[in-house]
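Participant: Got a structure for you, written out below as structure tokens; questions coming shortly.
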Amino acid sequence: MEQISKFKEMLMKQKAYGYVLNLAGWDSNTEAPRGAFARRAEMLGVISGELFELNTSEEYQEVVYGLFKKFNELDDITQREIKKAKKDLDKIIKIPKNEFVEYNKLINLSQLVWEDAKANNDFNAFKGNLEKIVAFTKKFVDYYKIDDHPYNVLLDGFEDGMSMKEYDEFFNTLKEDLVPFVKEVLNSGKVLNDAFITDFYPREKQKEFAEYLIDVLAFNRDNGLMKESVHPFTWNTHSTDVRFTTRYLEDFMFSSIFAAIHELGHATYEQQIDPKWDDTYLDGGTSMGIHESQSRFYENIIGRSLEFWEVHYPKLKEIFPEQLKNVSLDDFYRGVNKVEASFVRVEADELTYSLHIMIRYEIERMLFSDEVKVEDLPEIWNEKMVEYLGIEPSNDTEGVLQDVHWSVGMFGYFPTYALGSAYAAQFYYTMKKDLNIEEIVKANEIKTINNWLKEKIHQYGGSKTPKELLVEVTGEEFNPKYYIQLLKDKYGKLYL
Ligand SMILES: [Zn+2]
């Protein structure tokens, strides 16, 4: 069909522009000198403008909508491509270009305003911008003319097929089953030998261990690399070029270890995607939630297990003989899994993490149901912290201002973090039926686990939806009971 080859041709051009923008993005987040930002923004603005034209051109619309009309004549893969392409197009073309430009300017500006407001603990300095971003978001959702609750539209944008119905069920389960359990753990009175956690660990030595971890997780160095950045992230353009970062805090070594393992999880997913998807609309990981399930799987289920440290703790001790001199394997394992009520999401432990997400979900849900105003957010935030974690932030820097997401207009994204952790648990119980995971980790053969994930999940890239993957891999739809079970088993043993 002529239209199909036209679609492929246009897609390749969009991908080429995207590739260049991505590469420049990696550069700005890792190595580019600060002084280069103004010129960079100007140059990249031109390229992004070109890409926007390509993404929305009449010619492209004709091809995508034309093919959509012939949907039943298309093969399965092209059907999936066109469905996704149409979904994106439906949204982007409904926003007037001048408003799109205005919104992007606001977002760029707001990030800096947020940074300052956070640094100065001054919510009022950010309030005006946040109000504008929320108003824009509501207006855009209106333009889409999708017959659904605005927050559902946003949620679906980050995780295909997820809505408040599923998330409400999920978070209600957490509220009923997990919140009381967390309180029990926090009140257990267990004392840990954990002073070593905040000892001094020189950067260069931490780097040595992070390099060691790359090989433990069998990451393919021919097709990827690791660097450093303030906020760790994974970056890729296709399966043969996957890069990630970690960060080194000299008074908190766990940060680099678990950031590296977490990002290695994202990176392994991307590296193991079948290259046949590279030239299609179905490239890359399928969703935020599934992506996060892979990073959390490696970080928490593998990386925070006793078996993992049975094998790798000797290496860490060899690198830090002084700091870990009097720290037994058991102390170390408990330290790695230390539970505490804390204010900051990115530093939260495995057990309390999803409660931080629940707070954000409930606030966003209220915001897009017109039940609260932006000005009330600090107060609501603090109330919910008390309700779920029993602690009250003493200022907005460690409260409502802590995350970057809202300043860049990402509403509906947070829930995928908790969802990913829960997906990971569901995959874990399925994997257990096929593999003796504990033995594999002890034998330092993580490649076997990588292969299982490749065969069941990774190879498909974006060609299957999150829901399809869950059912095909685990035999059932999303079920949060596995997540609760995993947490209760593990932390019950550690604390109760
Ligand atoms: Zn992640």
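Residue numbers start at 1 in each chain; chains themselves are named A, B, ... in the order of the structure tokens; ligands are numbered from 1 in the order shown.
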Skip Lys481 in chain A itself and residues of its chain fewer than 4 positions away, then list as a ChimeraX atom specification all residues within 9 Å of it, counting only C-alpha atoms.

Facilitator: /A:173,422,425-426,485-486

Participant: What residues have any atom no more than 9 Å from ligand 1 when counting only C-alpha atoms and all ligand atoms, and can you list them as a list of chain:residue names?

Facilitator: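 Selection of residues at most 9 Å from ligand 1: A:Pro232, A:Phe233, A:Thr234, A:Ala259, A:His262, A:Glu263, A:Gly265, A:His266, A:Met288, A:His291, A:Glu292, A:Ser293, A:Gln294, A:Ser295, A:Arg296, A:Tyr417, A:Gly420.
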
Participant: Within 12 Å of Arg247 in chain A, counting only C-alpha atoms, which residues qualify if same-chain residues fewer than 3 places away don't, as a VMD selection string?

Facilitator: chain A and resid 30 203 to 204 206 to 207 210 226 to 233 244 250 to 263

Participant: For the selection just defined, write its residues with N, CA and C atoms to a file, as a tab-separated table (two decimals), in the first residue's frame.

Facilitator:
```tsv
chain	number	residue	atom	x	y	z
A	30	THR	N	24.39	15.89	31.02
A	30	THR	CA	25.58	15.26	31.58
A	30	THR	C	26.82	16.14	31.50
A	203	ARG	N	34.06	9.39	46.52
A	203	ARG	CA	33.42	9.31	45.21
A	203	ARG	C	34.06	8.29	44.28
A	204	GLU	N	35.39	8.38	44.15
A	204	GLU	CA	36.10	7.50	43.20
A	204	GLU	C	35.89	6.02	43.53
A	206	GLN	N	33.28	4.80	45.17
A	206	GLN	CA	31.89	4.46	44.85
A	206	GLN	C	31.75	4.15	43.37
A	207	LYS	N	32.50	4.90	42.59
A	207	LYS	CA	32.45	4.71	41.14
A	207	LYS	C	32.97	3.32	40.77
A	210	ALA	N	30.20	0.96	41.33
A	210	ALA	CA	29.15	1.11	40.31
A	210	ALA	C	29.58	0.42	39.00
A	226	MET	N	27.80	4.50	31.19
A	226	MET	CA	27.31	5.15	32.42
A	226	MET	C	28.05	6.46	32.66
A	227	LYS	N	27.31	7.49	33.05
A	227	LYS	CA	27.93	8.77	33.45
A	227	LYS	C	27.29	9.22	34.76
A	228	GLU	N	27.50	10.50	35.06
A	228	GLU	CA	27.03	11.04	36.32
A	228	GLU	C	26.07	12.19	36.08
A	229	SER	N	25.04	12.34	36.91
A	229	SER	CA	24.20	13.54	36.82
A	229	SER	C	23.53	13.76	38.17
A	230	VAL	N	22.99	14.96	38.37
A	230	VAL	CA	22.37	15.29	39.66
A	230	VAL	C	21.19	14.36	39.93
A	231	HIS	N	20.33	14.22	38.92
A	231	HIS	CA	19.21	13.29	39.04
A	231	HIS	C	19.45	12.13	38.09
A	232	PRO	N	19.67	10.94	38.62
A	232	PRO	CA	19.95	9.79	37.75
A	232	PRO	C	18.81	9.53	36.75
A	233	PHE	N	19.17	9.13	35.55
A	233	PHE	CA	18.16	8.82	34.54
A	233	PHE	C	18.74	7.87	33.50
A	244	PHE	N	23.00	5.55	30.83
A	244	PHE	CA	22.33	5.91	32.08
A	244	PHE	C	23.31	6.64	32.99
A	250	GLU	N	28.86	11.48	48.93
A	250	GLU	CA	29.93	10.87	49.73
A	250	GLU	C	29.49	10.51	51.15
A	251	ASP	N	28.38	11.11	51.62
A	251	ASP	CA	27.91	10.73	52.95
A	251	ASP	C	26.67	9.82	52.87
A	252	PHE	N	26.39	9.31	51.66
A	252	PHE	CA	25.25	8.38	51.52
A	252	PHE	C	25.49	7.47	50.32
A	253	MET	N	26.32	6.44	50.56
A	253	MET	CA	26.73	5.56	49.47
A	253	MET	C	25.57	4.81	48.82
A	254	PHE	N	24.52	4.50	49.62
A	254	PHE	CA	23.38	3.75	49.06
A	254	PHE	C	22.80	4.45	47.84
A	255	SER	N	22.89	5.77	47.85
A	255	SER	CA	22.31	6.52	46.74
A	255	SER	C	22.90	6.09	45.40
A	256	SER	N	24.23	5.99	45.32
A	256	SER	CA	24.83	5.61	44.03
A	256	SER	C	24.58	4.14	43.72
A	257	ILE	N	24.63	3.28	44.73
A	257	ILE	CA	24.42	1.85	44.48
A	257	ILE	C	23.03	1.59	43.91
A	258	PHE	N	22.00	2.12	44.60
A	258	PHE	CA	20.65	1.78	44.18
A	258	PHE	C	20.16	2.61	42.99
A	259	ALA	N	20.74	3.80	42.83
A	259	ALA	CA	20.42	4.54	41.59
A	259	ALA	C	21.01	3.77	40.41
A	260	ALA	N	22.23	3.25	40.57
A	260	ALA	CA	22.85	2.51	39.46
A	260	ALA	C	22.03	1.25	39.14
A	261	ILE	N	21.65	0.50	40.16
A	261	ILE	CA	20.89	-0.73	39.90
A	261	ILE	C	19.53	-0.40	39.27
A	262	HIS	N	18.88	0.64	39.80
A	262	HIS	CA	17.59	1.07	39.27
A	262	HIS	C	17.70	1.43	37.78
A	263	GLU	N	18.66	2.29	37.47
A	263	GLU	CA	18.80	2.72	36.07
A	263	GLU	C	19.26	1.56	35.19
```

Participant: I need the residue nearest Ile302 in chain A from this list: A:Lys127, A:Lys373, A:Lys442, A:Lys456. Use only C-alpha atoms for the distance.

Facilitator: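 Selected residue with least distance to Ile302 in chain A: A:Lys442.
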
Participant: With only C-alpha atoms as the basis for distance, which of A:Ser28, A:Ser328, A:Gln323, A:Asn220 is at the shortest distance from Lys447 in chain A?

Facilitator: A:Asn220

Participant: Mind giving me the straight-line distance from CA of Lys454 in chain A to CA of Phe7 in chain A in Å, one decimal?

Facilitator: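 CA of Phe7 in chain A lies at a distance of 28.8 Å from CA of Lys454 in chain A.
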
Participant: If we count only C-alpha atoms and set the cut-off at 8 Å, which residues sit around Ser463 in chain A, ignoring sequence neighbours fewer than 3 positions away in its own chain? Please answer as a list in words.

Facilitator: Ile77, Arg80, Trp277, Leu282, Asp283, Thr286 and Tyr460 of chain A

Participant: Next, write the just-selected residues to a file, as a PDB file, in the first residue's frame, keeping C-alpha atoms as the atom set.

Facilitator:
```
ATOM      1  CA  ILE A  77       1.668  -4.521  13.383  1.00  0.00           C
ATOM      2  CA  ARG A  80      -0.931  -1.086  16.232  1.00  0.00           C
ATOM      3  CA  TRP A 277      10.874  -2.235  16.296  1.00  0.00           C
ATOM      4  CA  LEU A 282       6.339   0.714  18.463  1.00  0.00           C
ATOM      5  CA  ASP A 283       9.952   1.282  19.549  1.00  0.00           C
ATOM      6  CA  THR A 286       5.784   0.118  26.259  1.00  0.00           C
ATOM      7  CA  TYR A 460       8.245  -6.755  22.483  1.00  0.00           C
TER       8      TYR A 460
END
```

Participant: Please, what distance in Å, to one decimal, runs between CA of Leu89 in chain A and CA of Pro466 in chain A?

Facilitator: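 Distance between the two atoms: 20.7 Å.
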
Participant: Env of Ala38 in chain A: 12 Å cut, atoms = only C-alpha atoms, seq-sep filter 6 positions within chain, self excluded. Answer as a ChimeraX atom specification.

Facilitator: /A:28,32,44-45,108

Participant: So which residues touch Trp235 in chain A within 8 Å, counting only C-alpha atoms, skipping near sequence neighbours fewer than 2 positions away, as a PyMOL selection string?

Facilitator: chain A and resi 26+233+237+242-244+267

Participant: So that I can check the surroundings of Leu453 in chain A, please list as an MDAnalysis selection string every protein, DNA and RNA residue that reaches within 9 Å of it, counting only C-alpha atoms and ignoring chain neighbours fewer than 4 positions away.

Facilitator: chainID A and resid 269 272 294 431 448:449 457:459

Participant: Go ahead and save the picked residues with N, CA and C atoms, as a short mmCIF file (atom, residue, chain, number, x, y, z; two decimals), in the first residue's frame.

Facilitator:
```
data_model
loop_
_atom_site.label_atom_id
_atom_site.label_comp_id
_atom_site.auth_asym_id
_atom_site.auth_seq_id
_atom_site.Cartn_x
_atom_site.Cartn_y
_atom_site.Cartn_z
N TYR A 269 16.11 -3.19 30.02
CA TYR A 269 14.86 -3.26 29.26
C TYR A 269 15.11 -2.72 27.85
N GLN A 272 17.33 -4.81 25.55
CA GLN A 272 16.84 -6.13 25.15
C GLN A 272 15.62 -6.08 24.23
N GLN A 294 10.49 -2.68 35.73
CA GLN A 294 11.78 -3.32 35.48
C GLN A 294 12.86 -2.71 36.37
N MET A 431 7.75 -15.28 37.74
CA MET A 431 9.11 -15.74 37.44
C MET A 431 9.53 -16.87 38.37
N THR A 448 20.66 -14.95 33.48
CA THR A 448 19.51 -15.87 33.34
C THR A 448 18.19 -15.13 33.58
N ILE A 449 18.21 -14.22 34.56
CA ILE A 449 17.01 -13.42 34.84
C ILE A 449 16.77 -12.43 33.69
N ILE A 457 9.03 -10.07 28.27
CA ILE A 457 8.61 -8.67 28.28
C ILE A 457 9.41 -7.78 27.32
N HIS A 458 10.73 -7.77 27.51
CA HIS A 458 11.55 -6.75 26.85
C HIS A 458 11.48 -6.79 25.32
N GLN A 459 11.61 -7.98 24.76
CA GLN A 459 11.73 -8.07 23.29
C GLN A 459 10.59 -7.37 22.55
#
```

Participant: Figure out the distance between CA of Lys317 in chain A and CA of Gly189 in chain A, please, to one decimal in Å.

Facilitator: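 Computed distance, CA of Gly189 in chain A to CA of Lys317 in chain A, equals 28.5 Å.
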
Participant: Return the single residue from A:Ala119, A:Val141, A:Leu494, A:Leu419 that is closest to Gly157 in chain A, with distances computed using only C-alpha atoms.

Facilitator: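 Using only C-alpha atoms, the shortest distance to Gly157 in chain A belongs to A:Val141.
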